[in-house]
Amino acid sequence: AAAGYAACQAASQSTRHERPAEGSVGAGARALVGKIFGFDRAMQGGIGTASFTVHGVTVGALIACNAVGDVYHPRSGQLLAGCRSSEGHAPQSLLAGSNTTIGVVATDMALTKAQAQRLATVGHDGLARAINPVHTMSDGDTLFALGTGQAPKALDVMTLFTLAAEAVAIATARAVLLARALPVAGQTPAPSWADMPPCL
């Protein structure tokens, strides 16, 4: 409870236009990706954000990427981070609850309950553009959605949903692009995208 209260206090002190911290911070500090052949072959995951503004309406995503699968650039298809080598190794059993990509998709447009539910659903399309495999039985991938209703205008929902999926995809890629290897007591730290080019 104390940690949750402290997190809310810290969040409320940031300015509206200040970018949230990204990479190996907060929930992203111990996040890993590419764990299908074991944690020792995984790479550093992290936290990423992305947003788009069209006709005065903004939609954005904040993603904590801790996936079983590998992460790819959603536009170029380039492998960014994942399992460093599968040669001679069989897929590993993964501890339940040790993998999930979780996040929020938010807009300043007013949303109905049904629209908010659909916004969260289409956000998963963004996860599928950046993570492979995604939504495995070992992942608990979850996205939440909200609308603040503060935008002076409204977008058609098709445009809003398209932007939401793109924001999730880009935020997922940013989570690993901005991650850095962190020391772990008694363990070799998982390398990050900045440390080495991933290979399959």
# chains A, B, ... in the order shown; residues from 1 in each chain; ligands from 1
$ select_by_dssp --residues "chain A" --states "alpha helix (DSSP H)" --output "ChimeraX atom specification"
/A:2-13,113-130,157-177
$ residues_around --residues "Val134 (chain A)" --least-positions-apart "6" --cutoff "10 Å" --atoms "only C-alpha atoms" --output "list in words"
Ala67, Val68, Gly69, Asp70, Val71, Thr100, Thr101, His124, Leu127, Ala128, Gly140 and Asp141 of chain A
$ select_by_dssp --residues "region 100-144 of chain A" --states "strand (DSSP E)" --output "VMD selection string"
chain A and resid 102 to 107 131 to 132 142 to 144
$ closest_atom_pairs --of "region 117-173 of chain A" --to "region 26-43 of chain A" --cutoff "10 Å" --atoms "only C-alpha atoms" --output "Markdown table"
| residue | atom | partner | partner_atom | distance |
| --- | --- | --- | --- | --- |
| A:Ile131 | CA | A:Val33 | CA | 9.2 |
| A:Asn132 | CA | A:Gly34 | CA | 9.0 |
| A:Pro133 | CA | A:Gly34 | CA | 9.2 |
| A:Ser138 | CA | A:Ile36 | CA | 9.5 |
$ closest_residue --among "A:Ala190, A:Ala110, A:Ala6, A:Val25" --to "Ala175 (chain A)" --atoms "only C-alpha atoms"
A:Val25
$ closest_residue --among "A:Val104, A:Ala130, A:Ala3, A:Ala145" --to "Ala81 (chain A)" --atoms "only C-alpha atoms"
A:Ala130
$ closest_residue --among "A:Leu119, A:Val176, A:Met109, A:Leu155" --to "Thr49 (chain A)" --atoms "only C-alpha atoms"
A:Val176
$ residues_around --residues "Leu146 (chain A)" --least-positions-apart "5" --cutoff "7 Å" --atoms "only C-alpha atoms" --output "VMD selection string"
chain A and resid 105 to 107 116
$ write_last_selection --atoms "N, CA, C and O atoms" --output "mmCIF file, in the first residue's frame"
data_model
loop_
_atom_site.group_PDB
_atom_site.id
_atom_site.type_symbol
_atom_site.label_atom_id
_atom_site.label_comp_id
_atom_site.auth_asym_id
_atom_site.auth_seq_id
_atom_site.Cartn_x
_atom_site.Cartn_y
_atom_site.Cartn_z
ATOM 1 N N VAL A 105 -4.077 2.212 -22.848
ATOM 2 C CA VAL A 105 -4.316 3.027 -24.031
ATOM 3 C C VAL A 105 -5.275 4.125 -23.584
ATOM 4 O O VAL A 105 -6.347 3.832 -23.049
ATOM 5 N N ALA A 106 -4.883 5.372 -23.779
ATOM 6 C CA ALA A 106 -5.690 6.483 -23.273
ATOM 7 C C ALA A 106 -5.889 7.543 -24.349
ATOM 8 O O ALA A 106 -5.033 7.745 -25.210
ATOM 9 N N THR A 107 -7.021 8.215 -24.260
ATOM 10 C CA THR A 107 -7.308 9.323 -25.162
ATOM 11 C C THR A 107 -7.963 10.442 -24.363
ATOM 12 O O THR A 107 -8.558 10.193 -23.304
ATOM 13 N N ALA A 116 -14.603 2.277 -25.012
ATOM 14 C CA ALA A 116 -13.405 2.039 -24.212
ATOM 15 C C ALA A 116 -12.998 0.572 -24.286
ATOM 16 O O ALA A 116 -11.811 0.252 -24.411
#
$ closest_residue --among "A:Tyr5, A:Phe52, A:Trp193, A:Tyr72" --to "Ala164 (chain A)" --atoms "only C-alpha atoms"
A:Phe52
$ closest_residue --among "A:Ser192, A:Thr121, A:His73, A:Leu178" --to "Ile47 (chain A)" --atoms "only C-alpha atoms"
A:Leu178
$ atom_distance --atom1 "CA of Cys65 (chain A)" --atom2 "CA of Gly126 (chain A)"
12.3 Å
$ closest_residue --among "A:Ala21, A:Val54, A:Ala173, A:Val184" --to "Thr159 (chain A)" --atoms "only C-alpha atoms"
A:Val54
$ atom_distance --atom1 "CA of Pro191 (chain A)" --atom2 "CA of Cys83 (chain A)"
10.6 Å
